[in-house]
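Engineer: File follows, coords.csv with CSV, C-alpha atoms:
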```
chain,number,residue,atom,x,y,z
A,19,MET,CA,-22.5,6.7,-14.2
A,20,THR,CA,-19.4,4.5,-13.9
A,21,SER,CA,-17.6,2.7,-16.7
A,22,GLY,CA,-17.3,-0.6,-14.7
A,23,ALA,CA,-13.6,-0.8,-15.4
A,24,THR,CA,-11.4,-1.8,-12.5
A,25,PRO,CA,-9.6,1.3,-11.2
A,26,ARG,CA,-5.8,1.3,-11.4
A,27,LEU,CA,-4.0,1.8,-8.1
A,28,ARG,CA,-1.6,4.8,-8.1
A,29,THR,CA,0.5,3.3,-5.3
A,30,ALA,CA,1.0,-0.2,-3.8
A,31,PRO,CA,1.7,-1.0,-0.1
A,32,VAL,CA,5.4,-1.2,-0.9
A,33,LEU,CA,8.5,0.4,0.6
A,34,ALA,CA,11.2,0.7,-2.0
A,35,VAL,CA,14.7,1.0,-0.8
A,36,LEU,CA,17.2,2.3,-3.3
A,37,VAL,CA,20.8,1.7,-2.2
A,38,CYS,CA,23.4,3.8,-4.0
A,39,HIS,CA,27.2,3.8,-4.1
A,40,ASP,CA,29.1,5.9,-6.7
A,41,GLY,CA,26.3,5.1,-9.2
A,42,ASP,CA,25.6,8.4,-10.9
A,43,ARG,CA,26.3,7.0,-14.3
A,44,TRP,CA,23.3,4.6,-13.9
A,45,LEU,CA,21.2,6.4,-11.3
A,46,GLY,CA,19.4,8.8,-13.6
A,47,THR,CA,18.1,5.8,-15.7
A,48,ALA,CA,17.2,3.9,-12.5
A,49,LEU,CA,15.2,6.8,-11.1
A,50,SER,CA,13.4,7.3,-14.4
A,51,ALA,CA,12.4,3.7,-14.4
A,52,LEU,CA,11.1,4.0,-10.8
A,53,ARG,CA,9.1,7.1,-11.8
A,54,ARG,CA,7.4,5.1,-14.5
A,55,GLN,CA,6.2,2.2,-12.3
A,56,GLN,CA,2.5,1.5,-12.5
A,57,PRO,CA,1.6,1.3,-9.6
A,58,ARG,CA,4.4,3.2,-7.8
A,59,PRO,CA,5.6,2.1,-4.4
A,60,ARG,CA,3.9,3.9,-1.5
A,61,HIS,CA,7.2,5.2,-0.2
A,62,VAL,CA,10.8,5.3,-1.6
A,63,ILE,CA,13.8,5.7,0.6
A,64,ALA,CA,17.3,6.1,-0.9
A,65,VAL,CA,20.4,5.3,1.0
A,66,ASP,CA,23.7,6.8,-0.2
A,67,THR,CA,26.7,4.9,1.2
A,68,GLY,CA,29.3,7.6,1.1
A,69,SER,CA,29.4,8.2,-2.7
A,70,VAL,CA,32.1,10.6,-3.9
A,71,ASP,CA,30.7,11.1,-7.4
A,72,GLY,CA,27.6,13.0,-8.3
A,73,THR,CA,25.2,10.6,-6.6
A,74,ALA,CA,24.2,12.9,-3.7
A,75,LYS,CA,23.2,15.7,-6.1
A,76,VAL,CA,21.1,13.3,-8.3
A,77,LEU,CA,19.3,12.0,-5.2
A,78,GLN,CA,18.8,15.6,-3.9
A,79,ASP,CA,17.2,16.6,-7.1
A,80,ALA,CA,15.0,13.5,-7.2
A,81,SER,CA,13.7,14.1,-3.7
A,82,THR,CA,12.5,17.7,-4.1
A,83,GLY,CA,9.8,19.4,-6.2
A,84,PRO,CA,6.3,18.3,-7.1
A,85,ASP,CA,7.5,15.5,-9.4
A,86,ARG,CA,9.9,14.0,-6.8
A,87,VAL,CA,10.3,10.2,-6.9
A,88,ILE,CA,12.2,9.8,-3.6
A,89,ASP,CA,10.6,10.5,-0.2
A,90,GLY,CA,13.8,10.6,1.8
A,91,VAL,CA,17.6,10.2,1.5
A,92,LEU,CA,19.8,8.7,4.2
A,93,THR,CA,23.6,9.1,4.1
A,94,LEU,CA,25.7,6.4,5.7
A,95,PRO,CA,29.5,5.8,5.9
A,96,ARG,CA,31.3,4.6,2.8
A,97,GLY,CA,32.0,1.2,4.2
A,98,THR,CA,28.3,0.4,4.8
A,99,GLY,CA,27.2,-2.9,3.3
A,100,PHE,CA,24.0,-3.4,1.4
A,101,GLY,CA,22.1,-5.3,4.1
A,102,ALA,CA,23.0,-2.6,6.7
A,103,ALA,CA,21.8,0.1,4.3
A,104,VAL,CA,18.4,-1.7,3.9
A,105,HIS,CA,18.1,-2.2,7.7
A,106,ALA,CA,18.7,1.5,8.2
A,107,ALA,CA,16.1,2.5,5.6
A,108,VAL,CA,13.4,0.2,7.0
A,109,GLU,CA,14.0,1.4,10.5
A,110,HIS,CA,13.8,5.0,9.3
A,111,ALA,CA,10.6,4.3,7.4
A,112,VAL,CA,8.9,2.6,10.3
A,113,SER,CA,9.8,5.5,12.6
A,114,ARG,CA,8.6,8.0,10.1
A,115,TRP,CA,5.4,6.4,8.8
A,116,GLY,CA,4.5,3.6,11.3
A,117,ASP,CA,3.5,1.2,8.6
A,118,PRO,CA,5.4,1.9,5.4
A,119,GLY,CA,3.9,-1.1,3.6
A,120,ALA,CA,3.6,-4.9,3.7
A,121,TRP,CA,6.4,-5.3,1.1
A,122,LEU,CA,10.0,-4.3,0.7
A,123,TRP,CA,11.3,-3.7,-2.8
A,124,LEU,CA,15.1,-3.7,-2.8
A,125,LEU,CA,16.8,-1.8,-5.6
A,126,HIS,CA,20.3,-1.0,-6.7
A,127,ASP,CA,21.4,2.2,-8.3
A,128,ASP,CA,22.4,0.3,-11.4
A,129,CYS,CA,19.0,-1.4,-12.1
A,130,ALA,CA,16.1,-0.2,-14.1
A,131,PRO,CA,12.8,-2.1,-13.7
A,132,GLU,CA,10.4,-2.1,-16.6
A,133,PRO,CA,7.2,-0.1,-16.0
A,134,ASP,CA,5.2,-3.2,-15.0
A,135,CYS,CA,7.9,-4.9,-13.0
A,136,LEU,CA,6.5,-4.2,-9.6
A,137,SER,CA,3.0,-4.9,-10.7
A,138,ALA,CA,4.1,-8.3,-12.1
A,139,LEU,CA,5.8,-9.2,-8.9
A,140,LEU,CA,2.8,-8.3,-6.8
A,141,THR,CA,0.5,-10.3,-9.1
A,142,ALA,CA,2.7,-13.3,-8.7
A,143,ALA,CA,2.5,-12.9,-4.9
A,144,ASP,CA,-1.3,-12.8,-5.1
A,145,VAL,CA,-1.3,-16.0,-7.2
A,146,SER,CA,1.1,-17.7,-4.8
A,147,PRO,CA,0.2,-16.5,-1.2
A,148,SER,CA,3.0,-18.5,0.4
A,149,ALA,CA,5.6,-16.6,-1.7
A,150,ALA,CA,7.7,-14.4,0.6
A,151,VAL,CA,10.6,-13.5,-1.6
A,152,LEU,CA,10.2,-12.8,-5.4
A,153,GLY,CA,12.7,-11.7,-7.9
A,154,PRO,CA,12.4,-10.4,-11.5
A,155,LEU,CA,14.4,-11.6,-14.5
A,156,SER,CA,17.6,-9.5,-14.8
A,157,LEU,CA,18.4,-8.4,-18.3
A,158,ASP,CA,21.7,-7.0,-19.7
A,159,TRP,CA,21.9,-3.2,-19.3
A,160,ALA,CA,23.0,-2.6,-22.9
A,161,ASP,CA,21.1,-5.4,-24.6
A,162,PRO,CA,17.9,-6.2,-22.8
A,163,ARG,CA,17.3,-9.2,-25.1
A,164,LEU,CA,19.9,-11.1,-23.1
A,165,VAL,CA,19.2,-12.6,-19.6
A,166,VAL,CA,22.0,-12.2,-17.1
A,167,GLU,CA,20.4,-13.5,-13.9
A,168,ALA,CA,17.3,-15.3,-12.8
A,169,GLY,CA,16.9,-17.5,-9.7
A,170,LEU,CA,20.1,-18.2,-7.6
A,171,SER,CA,21.6,-21.4,-6.3
A,172,THR,CA,25.0,-22.6,-5.2
A,173,ASP,CA,27.3,-25.3,-6.4
A,174,ALA,CA,28.9,-27.9,-4.1
A,175,SER,CA,31.6,-25.5,-3.1
A,176,GLY,CA,29.1,-22.8,-2.2
A,177,HIS,CA,29.8,-20.6,-5.2
A,178,ARG,CA,27.0,-18.4,-6.5
A,179,GLN,CA,25.2,-19.9,-9.5
A,180,THR,CA,22.8,-18.1,-11.7
A,181,GLY,CA,21.9,-21.0,-13.9
A,182,MET,CA,23.1,-19.0,-16.9
A,183,GLY,CA,25.7,-21.4,-18.5
A,184,ARG,CA,25.3,-19.8,-21.9
A,185,VAL,CA,23.7,-16.8,-23.6
A,186,GLU,CA,19.9,-17.0,-23.2
A,187,LEU,CA,17.2,-14.8,-24.6
A,188,ALA,CA,14.5,-13.3,-22.5
A,189,GLY,CA,11.8,-14.9,-24.6
A,190,SER,CA,12.8,-18.4,-23.4
A,191,PHE,CA,11.7,-17.5,-19.8
A,192,GLU,CA,8.0,-17.5,-19.1
A,193,GLN,CA,6.9,-19.5,-16.0
A,194,SER,CA,7.7,-18.6,-12.4
A,195,THR,CA,9.9,-21.2,-10.7
A,196,GLU,CA,10.9,-21.9,-7.2
A,197,ALA,CA,14.4,-21.0,-6.3
A,198,LEU,CA,16.9,-21.2,-3.5
A,199,ALA,CA,17.2,-17.4,-3.7
A,200,VAL,CA,16.8,-14.5,-6.0
A,201,PRO,CA,19.3,-11.6,-6.6
A,202,SER,CA,18.9,-8.7,-4.2
A,203,ALA,CA,18.5,-6.2,-7.1
A,204,GLY,CA,14.7,-6.0,-7.7
A,205,SER,CA,13.7,-8.5,-5.0
A,206,LEU,CA,10.3,-8.1,-3.4
A,207,ILE,CA,10.1,-9.3,0.2
A,208,ARG,CA,7.3,-9.5,2.6
A,209,ARG,CA,8.2,-7.1,5.4
A,210,ALA,CA,6.9,-9.5,8.1
A,211,VAL,CA,9.2,-12.2,6.8
A,212,TRP,CA,12.1,-9.7,6.6
A,213,GLU,CA,11.6,-8.9,10.2
A,214,SER,CA,11.0,-12.5,11.4
A,215,LEU,CA,14.2,-13.7,9.7
A,216,GLY,CA,16.3,-10.6,10.8
A,217,GLY,CA,16.7,-9.3,7.2
A,218,TYR,CA,19.9,-9.5,5.4
A,219,ASP,CA,22.9,-10.6,7.5
A,220,ARG,CA,24.9,-7.4,8.3
A,221,SER,CA,28.1,-9.5,8.5
A,222,MET,CA,27.8,-10.3,4.8
A,223,PRO,CA,28.1,-6.8,3.2
A,224,LEU,CA,28.0,-7.8,-0.5
A,225,LEU,CA,27.4,-10.6,-3.1
A,226,ARG,CA,26.3,-13.4,-0.8
A,227,ASP,CA,23.7,-11.8,1.4
A,228,ASP,CA,20.8,-12.5,-1.1
A,229,ILE,CA,21.6,-16.2,-1.2
A,230,ASP,CA,21.9,-16.4,2.6
A,231,PHE,CA,18.5,-14.7,3.0
A,232,GLY,CA,16.8,-16.9,0.4
A,233,TRP,CA,18.3,-20.0,2.1
A,234,ARG,CA,16.9,-19.0,5.5
A,235,ALA,CA,13.5,-18.1,3.9
A,236,ASN,CA,13.3,-21.6,2.4
A,237,LEU,CA,14.3,-23.2,5.7
A,238,ALA,CA,11.6,-21.3,7.5
A,239,GLY,CA,9.0,-22.8,5.1
A,240,HIS,CA,8.5,-19.7,2.8
A,241,LEU,CA,8.4,-19.9,-1.0
A,242,VAL,CA,11.1,-18.1,-3.0
A,243,LEU,CA,10.0,-17.4,-6.6
A,244,SER,CA,11.8,-16.3,-9.7
A,245,VAL,CA,9.2,-14.4,-11.7
A,246,PRO,CA,10.4,-13.9,-15.4
A,247,VAL,CA,7.4,-11.9,-16.5
A,248,ALA,CA,8.8,-9.2,-14.2
A,249,ARG,CA,11.8,-7.7,-15.9
A,250,MET,CA,14.6,-5.3,-15.1
A,251,ARG,CA,17.8,-4.2,-16.7
A,252,HIS,CA,20.8,-4.6,-14.4
A,253,ALA,CA,24.3,-3.3,-15.1
A,254,ARG,CA,25.8,-5.5,-12.3
A,255,ALA,CA,28.5,-2.9,-11.7
A,256,ALA,CA,29.9,-4.5,-8.5
A,257,GLY,CA,30.1,-8.0,-10.0
A,258,ARG,CA,31.8,-6.8,-13.2
A,259,GLY,CA,34.3,-4.6,-11.4
A,260,ALA,CA,32.8,-1.4,-12.7
A,261,ARG,CA,33.1,0.2,-9.2
A,262,ARG,CA,35.0,-0.4,-6.0
A,263,LEU,CA,33.6,-2.8,-3.4
A,264,ASP,CA,34.2,-0.4,-0.4
A,265,ALA,CA,31.9,-2.4,1.9
A,266,ALA,CA,33.9,-5.6,1.4
A,267,ALA,CA,37.1,-3.7,1.9
A,268,ALA,CA,35.8,-2.2,5.1
A,269,ARG,CA,34.9,-5.6,6.4
```
Produce structure tokens that represent the structure in this file.
Structural biologist:
Amino acid sequence: MTSGATPRLRTAPVLAVLVCHDGDRWLGTALSALRRQQPRPRHVIAVDTGSVDGTAKVLQDASTGPDRVIDGVLTLPRGTGFGAAVHAAVEHAVSRWGDPGAWLWLLHDDCAPEPDCLSALLTAADVSPSAAVLGPLSLDWADPRLVVEAGLSTDASGHRQTGMGRVELAGSFEQSTEALAVPSAGSLIRRAVWESLGGYDRSMPLLRDDIDFGWRANLAGHLVLSVPVARMRHARAAGRGARRLDAAAAR
């Protein structure tokens, strides 16, 4: 006899790519958040771009044992940009598993998605089948009542605009909205669209790659959505100067 309840999926057809760079102060929290996702991604690949702190040890511990949350760790040179790191992870996953999933979920080592973040993004994609790039609402790391990033756009000079001209509370964001782009941290991307557009531009190592990709996705006729019911704390370490931008320096 069955209960008639809809069974909950343990994993979703998603390849999560966690890019790390001297992020051990946030990484433990990020991995705990990833472990609590319902459903979890089918596969998780971490990419360490030459960290010199304790990041490598944290990733090693998270990729071993029965409760491991990471399926593999790639180590790349310290000057590797975010886009190049994601490309390497996707190529590795395809070589290893053949079909690692229909979606890519891009994560930073300083972001901590809420337990239903991935589920909310996938639900929004089901509701809007033309959506190819979806992003959660980014909340302040220390005070998750405050919104720090939603959809992205640019001003007339091409500068990154988050639409956050003042302090806004998370409760004021409810409906999904179309956007030029969404931040790379937490973004969910159809793998077929990633491949057809060539992914993130490797020549843009940091900070503008997400806007460029969203722009190209829009030009190709795909829908880019900011999904505020999907939520994630984000320390924004690179943007706030909390760590060195070695990829930009290498460029």
Engineer: Tell me, in Å to one decimal, how far atom CA of A:Gly169 is from atom CA of A:Thr47.
Structural biologist: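 Between these atoms lies a distance of 24.1 Å.
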Engineer: Near stretch 67-79 of chain A, counting only C-alpha atoms, which residues have an atom at most 8 Å away, once you skip same-chain residues fewer than 2 positions from it, shown as a PDB file with C-alpha atoms, in the coordinates of the input?
Structural biologist:
```
ATOM      1  CA  VAL A  37      20.800   1.700  -2.200  1.00  0.00           C
ATOM      2  CA  CYS A  38      23.400   3.800  -4.000  1.00  0.00           C
ATOM      3  CA  HIS A  39      27.200   3.800  -4.100  1.00  0.00           C
ATOM      4  CA  ASP A  40      29.100   5.900  -6.700  1.00  0.00           C
ATOM      5  CA  GLY A  41      26.300   5.100  -9.200  1.00  0.00           C
ATOM      6  CA  ASP A  42      25.600   8.400 -10.900  1.00  0.00           C
ATOM      7  CA  LEU A  45      21.200   6.400 -11.300  1.00  0.00           C
ATOM      8  CA  GLY A  46      19.400   8.800 -13.600  1.00  0.00           C
ATOM      9  CA  ALA A  64      17.300   6.100  -0.900  1.00  0.00           C
ATOM     10  CA  VAL A  65      20.400   5.300   1.000  1.00  0.00           C
ATOM     11  CA  SER A  81      13.700  14.100  -3.700  1.00  0.00           C
ATOM     12  CA  THR A  82      12.500  17.700  -4.100  1.00  0.00           C
ATOM     13  CA  GLY A  83       9.800  19.400  -6.200  1.00  0.00           C
ATOM     14  CA  ARG A  86       9.900  14.000  -6.800  1.00  0.00           C
ATOM     15  CA  ILE A  88      12.200   9.800  -3.600  1.00  0.00           C
ATOM     16  CA  VAL A  91      17.600  10.200   1.500  1.00  0.00           C
ATOM     17  CA  THR A  93      23.600   9.100   4.100  1.00  0.00           C
ATOM     18  CA  LEU A  94      25.700   6.400   5.700  1.00  0.00           C
ATOM     19  CA  PRO A  95      29.500   5.800   5.900  1.00  0.00           C
ATOM     20  CA  ARG A  96      31.300   4.600   2.800  1.00  0.00           C
ATOM     21  CA  GLY A  97      32.000   1.200   4.200  1.00  0.00           C
ATOM     22  CA  THR A  98      28.300   0.400   4.800  1.00  0.00           C
ATOM     23  CA  ALA A 103      21.800   0.100   4.300  1.00  0.00           C
TER      24      ALA A 103
END
```
Engineer: Quick check, in Å to one decimal: how far apart do atom CA of A:Leu157 and atom CA of A:Pro246 lie?
Structural biologist: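 Atom CA of A:Leu157 sits 10.1 Å away from atom CA of A:Pro246.
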Engineer: List every residue of stretch 42-115 of chain A that has an atom at most 12 Å from any atom of stretch 128-149 of chain A, and for each one report the closest atom pair and its distance in Å to one decimal, counting all atoms listed in the file, with rows sorted by chain and then by increasing residue number, as a Markdown table.
Structural biologist:
```
| residue | atom | partner | partner_atom | distance |
| --- | --- | --- | --- | --- |
| A:Asp42 | CA | A:Asp128 | CA | 8.7 |
| A:Arg43 | CA | A:Asp128 | CA | 8.3 |
| A:Trp44 | CA | A:Asp128 | CA | 5.1 |
| A:Leu45 | CA | A:Asp128 | CA | 6.2 |
| A:Gly46 | CA | A:Asp128 | CA | 9.3 |
| A:Thr47 | CA | A:Ala130 | CA | 6.5 |
| A:Ala48 | CA | A:Ala130 | CA | 4.5 |
| A:Leu49 | CA | A:Ala130 | CA | 7.7 |
| A:Ser50 | CA | A:Ala130 | CA | 8.0 |
| A:Ala51 | CA | A:Ala130 | CA | 5.4 |
| A:Leu52 | CA | A:Pro131 | CA | 7.0 |
| A:Arg53 | CA | A:Pro133 | CA | 8.5 |
| A:Arg54 | CA | A:Pro133 | CA | 5.4 |
| A:Gln55 | CA | A:Pro133 | CA | 4.5 |
| A:Gln56 | CA | A:Asp134 | CA | 6.0 |
| A:Pro57 | CA | A:Ser137 | CA | 6.5 |
| A:Arg58 | CA | A:Leu136 | CA | 7.9 |
| A:Pro59 | CA | A:Leu136 | CA | 8.2 |
| A:Arg60 | CA | A:Leu136 | CA | 11.7 |
| A:Thr73 | CA | A:Asp128 | CA | 11.7 |
```
Engineer: If we count all atoms listed in the file, what is near A:Ser221 at a cut-off of 9 Å, once residues fewer than 4 positions away on the same chain are taken out, given as a PyMOL selection string?
Structural biologist: chain A and resi 99+101-102+227+269
Engineer: Just the residues within 8 Å of A:Asp228, please, counting only C-alpha atoms, with nothing from its chain fewer than 6 positions along; format it as an MDAnalysis selection string.
Structural biologist: chainID A and resid 199:202 218
Engineer: For atom CA of A:Arg209 and atom CA of A:Arg261, quote the distance in Å rounded to one decimal.
Structural biologist: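 It comes out at 29.8 Å.
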Engineer: Which is closer to A:Asp117 than all the others in A:Ile229, A:Leu33, A:Ala255, A:Ile207, using all atoms listed in the file?
Structural biologist: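 Closest candidate: A:Leu33.
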Engineer: Pick out the closest residue to A:Leu198 from this set: A:Asp230, A:Asp89, A:Asp158, A:Asp219. Count only C-alpha atoms.
Structural biologist: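 Ranked by minimum distance to A:Leu198, first place goes to A:Asp230.
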Engineer: Leaving out stretch 104-111 of chain A and any residue of its chain fewer than 4 positions from it, which residues lie within 7 Å of it when counting only C-alpha atoms, given as number ranges by chain?
Structural biologist: A: 35, 63, 65, 100, 115, 118
Engineer: Which residue gives the smallest distance to A:Ala253 among A:Pro162, A:Gly116, A:Pro31, A:Gly90, with only C-alpha atoms counted?
Structural biologist: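 So, comparing all the options, the nearest one is A:Pro162.
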Engineer: Given only C-alpha atoms as the basis, pick out the residue of A:Met250, A:Ala197, A:Val151, A:Leu92 nearest to A:Val166.
Structural biologist: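 Answer, going by the shortest atom-to-atom distance: A:Met250.
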Engineer: Counting all atoms listed in the file, write as a PDB file with C-alpha atoms, in the coordinates of the input all protein and nucleic acid residues lying at most 8 Å from (7.4, -17.4, -13.3) in the file's frame.
Structural biologist:
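Dumped to out_26.pdb:
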```pdb
ATOM      1  CA  ALA A 142       2.700 -13.300  -8.700  1.00  0.00           C
ATOM      2  CA  PHE A 191      11.700 -17.500 -19.800  1.00  0.00           C
ATOM      3  CA  GLU A 192       8.000 -17.500 -19.100  1.00  0.00           C
ATOM      4  CA  GLN A 193       6.900 -19.500 -16.000  1.00  0.00           C
ATOM      5  CA  SER A 194       7.700 -18.600 -12.400  1.00  0.00           C
ATOM      6  CA  THR A 195       9.900 -21.200 -10.700  1.00  0.00           C
ATOM      7  CA  LEU A 243      10.000 -17.400  -6.600  1.00  0.00           C
ATOM      8  CA  SER A 244      11.800 -16.300  -9.700  1.00  0.00           C
ATOM      9  CA  VAL A 245       9.200 -14.400 -11.700  1.00  0.00           C
ATOM     10  CA  PRO A 246      10.400 -13.900 -15.400  1.00  0.00           C
ATOM     11  CA  VAL A 247       7.400 -11.900 -16.500  1.00  0.00           C
TER      12      VAL A 247
END
```
Engineer: From the list A:Ala235, A:Leu36, A:Leu152, A:Ala256, which residue is nearest A:His126 when using all atoms listed in the file?
Structural biologist: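 With all atoms listed in the file as the atom set, the closest residue is A:Leu36.
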Engineer: N, CA and C atoms are needed for stretch 87-114 of chain A; please write them out as a PDB file, in the coordinates of the input.
Structural biologist:
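As written to disk, rebuild-v3.pdb reads:
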```
ATOM      1  N   VAL A  87      10.512  11.655  -6.871  1.00  0.00           N
ATOM      2  CA  VAL A  87      10.300  10.200  -6.900  1.00  0.00           C
ATOM      3  C   VAL A  87      10.805   9.576  -5.587  1.00  0.00           C
ATOM      4  N   ILE A  88      11.592  10.317  -4.803  1.00  0.00           N
ATOM      5  CA  ILE A  88      12.200   9.800  -3.600  1.00  0.00           C
ATOM      6  C   ILE A  88      11.571  10.585  -2.376  1.00  0.00           C
ATOM      7  N   ASP A  89      11.188   9.868  -1.333  1.00  0.00           N
ATOM      8  CA  ASP A  89      10.600  10.500  -0.200  1.00  0.00           C
ATOM      9  C   ASP A  89      11.607  10.860   0.918  1.00  0.00           C
ATOM     10  N   GLY A  90      12.793  10.333   0.830  1.00  0.00           N
ATOM     11  CA  GLY A  90      13.800  10.600   1.800  1.00  0.00           C
ATOM     12  C   GLY A  90      15.142  10.038   1.416  1.00  0.00           C
ATOM     13  N   VAL A  91      16.230  10.667   1.857  1.00  0.00           N
ATOM     14  CA  VAL A  91      17.600  10.200   1.500  1.00  0.00           C
ATOM     15  C   VAL A  91      18.358  10.057   2.847  1.00  0.00           C
ATOM     16  N   LEU A  92      18.940   8.890   3.067  1.00  0.00           N
ATOM     17  CA  LEU A  92      19.800   8.700   4.200  1.00  0.00           C
ATOM     18  C   LEU A  92      21.263   8.608   3.673  1.00  0.00           C
ATOM     19  N   THR A  93      22.188   9.175   4.426  1.00  0.00           N
ATOM     20  CA  THR A  93      23.600   9.100   4.100  1.00  0.00           C
ATOM     21  C   THR A  93      24.349   8.362   5.145  1.00  0.00           C
ATOM     22  N   LEU A  94      25.008   7.281   4.741  1.00  0.00           N
ATOM     23  CA  LEU A  94      25.700   6.400   5.700  1.00  0.00           C
ATOM     24  C   LEU A  94      27.197   6.355   5.272  1.00  0.00           C
ATOM     25  N   PRO A  95      28.065   5.866   6.171  1.00  0.00           N
ATOM     26  CA  PRO A  95      29.500   5.800   5.900  1.00  0.00           C
ATOM     27  C   PRO A  95      29.800   4.955   4.627  1.00  0.00           C
ATOM     28  N   ARG A  96      30.949   5.242   4.032  1.00  0.00           N
ATOM     29  CA  ARG A  96      31.300   4.600   2.800  1.00  0.00           C
ATOM     30  C   ARG A  96      31.485   3.094   2.876  1.00  0.00           C
ATOM     31  N   GLY A  97      31.806   2.602   4.041  1.00  0.00           N
ATOM     32  CA  GLY A  97      32.000   1.200   4.200  1.00  0.00           C
ATOM     33  C   GLY A  97      30.737   0.392   4.521  1.00  0.00           C
ATOM     34  N   THR A  98      29.566   1.046   4.478  1.00  0.00           N
ATOM     35  CA  THR A  98      28.300   0.400   4.800  1.00  0.00           C
ATOM     36  C   THR A  98      27.932  -0.658   3.790  1.00  0.00           C
ATOM     37  N   GLY A  99      27.584  -1.850   4.242  1.00  0.00           N
ATOM     38  CA  GLY A  99      27.200  -2.900   3.300  1.00  0.00           C
ATOM     39  C   GLY A  99      25.722  -2.753   2.898  1.00  0.00           C
ATOM     40  N   PHE A 100      25.336  -3.546   1.904  1.00  0.00           N
ATOM     41  CA  PHE A 100      24.000  -3.400   1.400  1.00  0.00           C
ATOM     42  C   PHE A 100      22.936  -3.766   2.404  1.00  0.00           C
ATOM     43  N   GLY A 101      23.121  -4.865   3.121  1.00  0.00           N
ATOM     44  CA  GLY A 101      22.100  -5.300   4.100  1.00  0.00           C
ATOM     45  C   GLY A 101      21.975  -4.214   5.208  1.00  0.00           C
ATOM     46  N   ALA A 102      23.082  -3.654   5.687  1.00  0.00           N
ATOM     47  CA  ALA A 102      23.000  -2.600   6.700  1.00  0.00           C
ATOM     48  C   ALA A 102      22.281  -1.385   6.206  1.00  0.00           C
ATOM     49  N   ALA A 103      22.477  -1.058   4.935  1.00  0.00           N
ATOM     50  CA  ALA A 103      21.800   0.100   4.300  1.00  0.00           C
ATOM     51  C   ALA A 103      20.280  -0.144   4.309  1.00  0.00           C
ATOM     52  N   VAL A 104      19.879  -1.359   3.937  1.00  0.00           N
ATOM     53  CA  VAL A 104      18.400  -1.700   3.900  1.00  0.00           C
ATOM     54  C   VAL A 104      17.847  -1.635   5.294  1.00  0.00           C
ATOM     55  N   HIS A 105      18.552  -2.215   6.266  1.00  0.00           N
ATOM     56  CA  HIS A 105      18.100  -2.200   7.700  1.00  0.00           C
ATOM     57  C   HIS A 105      17.842  -0.744   8.105  1.00  0.00           C
ATOM     58  N   ALA A 106      18.781   0.138   7.809  1.00  0.00           N
ATOM     59  CA  ALA A 106      18.700   1.500   8.200  1.00  0.00           C
ATOM     60  C   ALA A 106      17.450   2.190   7.568  1.00  0.00           C
ATOM     61  N   ALA A 107      17.218   1.894   6.290  1.00  0.00           N
ATOM     62  CA  ALA A 107      16.100   2.500   5.600  1.00  0.00           C
ATOM     63  C   ALA A 107      14.763   1.999   6.152  1.00  0.00           C
ATOM     64  N   VAL A 108      14.680   0.708   6.445  1.00  0.00           N
ATOM     65  CA  VAL A 108      13.400   0.200   7.000  1.00  0.00           C
ATOM     66  C   VAL A 108      13.152   0.749   8.370  1.00  0.00           C
ATOM     67  N   GLU A 109      14.176   0.826   9.203  1.00  0.00           N
ATOM     68  CA  GLU A 109      14.000   1.400  10.500  1.00  0.00           C
ATOM     69  C   GLU A 109      13.555   2.863  10.450  1.00  0.00           C
ATOM     70  N   HIS A 110      14.159   3.604   9.524  1.00  0.00           N
ATOM     71  CA  HIS A 110      13.800   5.000   9.300  1.00  0.00           C
ATOM     72  C   HIS A 110      12.324   5.108   8.874  1.00  0.00           C
ATOM     73  N   ALA A 111      11.931   4.264   7.934  1.00  0.00           N
ATOM     74  CA  ALA A 111      10.600   4.300   7.400  1.00  0.00           C
ATOM     75  C   ALA A 111       9.533   3.978   8.446  1.00  0.00           C
ATOM     76  N   VAL A 112       9.798   2.962   9.265  1.00  0.00           N
ATOM     77  CA  VAL A 112       8.900   2.600  10.300  1.00  0.00           C
ATOM     78  C   VAL A 112       8.735   3.716  11.342  1.00  0.00           C
ATOM     79  N   SER A 113       9.874   4.348  11.671  1.00  0.00           N
ATOM     80  CA  SER A 113       9.800   5.500  12.600  1.00  0.00           C
ATOM     81  C   SER A 113       9.070   6.645  12.033  1.00  0.00           C
ATOM     82  N   ARG A 114       9.186   6.856  10.745  1.00  0.00           N
ATOM     83  CA  ARG A 114       8.600   8.000  10.100  1.00  0.00           C
ATOM     84  C   ARG A 114       7.087   7.825   9.785  1.00  0.00           C
TER      85      ARG A 114
END
```
